Amino acid sequence: MIENNKEILRKANAAITAGDYEKFLSFCTDDTVWTFMGEETLEGKEAVRQYMSKMYIEPPKFNVDTLIAEDEFVTAIGKISMKDKDGKTTDYLYCDVWRFREGRMAELKAFVVKSE
């Protein structure tokens with residue numbers, strides 16, 4: 001189960017990097033909740049879909065340094081690069097804590113800071 005959750009997250013991240021946001025969303029529960037710590041909370045697939053269409057001008061590039069899994073949680077630590085509407089790429093450091101339910105990503109707590 002733990003290794004399966006890690007593999008699901010790997011596949012989901014690969015879908016985002018490929019720009020296949022609907023495939024990514026297929027790995028999420030319908031009632032998924034994403035909390036960007038200190039910023040905003042998205043509730044449900046439609047809110048996540050709207051966020052992705054607004055924020056992912058181009059597919060983001062992930063570099064996952066570490067994946068840690070225990071029980072229903074998978075933590076990913078790494079770097080992400082995203083382009084803004086002006087075409088400028090910004091690099092971020094992140095730690096995503098995912099909670100899985102029945103083989104799907106049900107909740108995200110994202111800690112993201114701009115890389116110096």
# chains A, B, ... in the order shown; residues from 1 in each chain; ligands from 1
$ select_by_dssp --residues "chain A" --states "strand (DSSP E)" --output "PyMOL selection string"
chain A and resi 28-36+40-43+61-70+73-83+89-101+104-114
$ closest_atom_pairs --of "segment 10-88 of chain A" --to "segment 96-108 of chain A" --cutoff "6 Å" --atoms "only C-alpha atoms" --output "tab-separated table"
residue	atom	partner	partner_atom	distance
A:Phe27	CA	A:Arg104	CA	5.3
A:Cys28	CA	A:Met105	CA	4.5
A:Thr29	CA	A:Ala106	CA	5.2
A:Thr32	CA	A:Ala106	CA	4.5
A:Val33	CA	A:Glu107	CA	4.8
A:Trp34	CA	A:Leu108	CA	4.6
A:Thr35	CA	A:Leu108	CA	6.0
A:Glu72	CA	A:Phe100	CA	5.2
A:Phe73	CA	A:Arg99	CA	4.6
A:Val74	CA	A:Trp98	CA	5.2
A:Thr75	CA	A:Val97	CA	4.4
A:Ala76	CA	A:Asp96	CA	5.1
$ write_last_selection --atoms "N, CA, C and O atoms" --output "PDB file, in the first residue's frame"
ATOM      1  N   PHE A  27      -6.223  10.918 -10.484  1.00  0.00           N
ATOM      2  CA  PHE A  27      -5.578  10.324  -9.313  1.00  0.00           C
ATOM      3  C   PHE A  27      -6.100  10.926  -8.004  1.00  0.00           C
ATOM      4  O   PHE A  27      -5.725  10.491  -6.923  1.00  0.00           O
ATOM      5  N   CYS A  28      -6.950  11.964  -8.100  1.00  0.00           N
ATOM      6  CA  CYS A  28      -7.472  12.657  -6.920  1.00  0.00           C
ATOM      7  C   CYS A  28      -8.900  12.209  -6.619  1.00  0.00           C
ATOM      8  O   CYS A  28      -9.642  11.840  -7.526  1.00  0.00           O
ATOM      9  N   THR A  29      -9.277  12.294  -5.360  1.00  0.00           N
ATOM     10  CA  THR A  29     -10.667  12.057  -4.997  1.00  0.00           C
ATOM     11  C   THR A  29     -11.503  13.257  -5.466  1.00  0.00           C
ATOM     12  O   THR A  29     -10.966  14.356  -5.654  1.00  0.00           O
ATOM     13  N   THR A  32     -11.179  16.163  -3.063  1.00  0.00           N
ATOM     14  CA  THR A  32      -9.807  16.502  -2.674  1.00  0.00           C
ATOM     15  C   THR A  32      -9.740  17.921  -2.113  1.00  0.00           C
ATOM     16  O   THR A  32     -10.488  18.802  -2.562  1.00  0.00           O
ATOM     17  N   VAL A  33      -8.874  18.120  -1.137  1.00  0.00           N
ATOM     18  CA  VAL A  33      -8.676  19.435  -0.525  1.00  0.00           C
ATOM     19  C   VAL A  33      -7.181  19.750  -0.576  1.00  0.00           C
ATOM     20  O   VAL A  33      -6.361  18.962  -0.105  1.00  0.00           O
ATOM     21  N   TRP A  34      -6.854  20.887  -1.188  1.00  0.00           N
ATOM     22  CA  TRP A  34      -5.464  21.340  -1.258  1.00  0.00           C
ATOM     23  C   TRP A  34      -5.329  22.586  -0.399  1.00  0.00           C
ATOM     24  O   TRP A  34      -6.017  23.581  -0.635  1.00  0.00           O
ATOM     25  N   THR A  35      -4.414  22.550   0.551  1.00  0.00           N
ATOM     26  CA  THR A  35      -4.128  23.716   1.381  1.00  0.00           C
ATOM     27  C   THR A  35      -2.706  24.168   1.110  1.00  0.00           C
ATOM     28  O   THR A  35      -1.758  23.415   1.335  1.00  0.00           O
ATOM     29  N   GLU A  72      -1.124   6.286   5.405  1.00  0.00           N
ATOM     30  CA  GLU A  72      -1.856   6.856   4.271  1.00  0.00           C
ATOM     31  C   GLU A  72      -1.218   8.131   3.730  1.00  0.00           C
ATOM     32  O   GLU A  72      -1.795   8.810   2.890  1.00  0.00           O
ATOM     33  N   PHE A  73      -0.001   8.449   4.191  1.00  0.00           N
ATOM     34  CA  PHE A  73       0.656   9.702   3.808  1.00  0.00           C
ATOM     35  C   PHE A  73       1.887   9.465   2.938  1.00  0.00           C
ATOM     36  O   PHE A  73       2.635   8.508   3.139  1.00  0.00           O
ATOM     37  N   VAL A  74       2.071  10.371   1.980  1.00  0.00           N
ATOM     38  CA  VAL A  74       3.304  10.435   1.198  1.00  0.00           C
ATOM     39  C   VAL A  74       3.770  11.884   1.224  1.00  0.00           C
ATOM     40  O   VAL A  74       2.991  12.797   0.919  1.00  0.00           O
ATOM     41  N   THR A  75       5.029  12.079   1.592  1.00  0.00           N
ATOM     42  CA  THR A  75       5.625  13.410   1.618  1.00  0.00           C
ATOM     43  C   THR A  75       6.643  13.500   0.502  1.00  0.00           C
ATOM     44  O   THR A  75       7.505  12.630   0.375  1.00  0.00           O
ATOM     45  N   ALA A  76       6.522  14.559  -0.297  1.00  0.00           N
ATOM     46  CA  ALA A  76       7.458  14.812  -1.392  1.00  0.00           C
ATOM     47  C   ALA A  76       8.198  16.103  -1.091  1.00  0.00           C
ATOM     48  O   ALA A  76       7.584  17.122  -0.776  1.00  0.00           O
TER      49      ALA A  76
END
$ atom_distance --atom1 "atom CA of Gly19 of chain A" --atom2 "atom CA of Glu39 of chain A"
24.3 Å
$ atom_distance --atom1 "atom CA of Thr90 of chain A" --atom2 "atom CA of Lys114 of chain A"
7.5 Å
$ residues_around --residues "segment 45-61 of chain A" --least-positions-apart "5" --cutoff "6 Å" --atoms "only C-alpha atoms" --output "list in words"
Thr17, Gly19, Asp30, Ile80, Ser81 and Met82 of chain A
$ select_by_dssp --residues "chain A" --states "alpha helix (DSSP H)" --output "ChimeraX atom specification"
/A:2-17,21-26,45-55
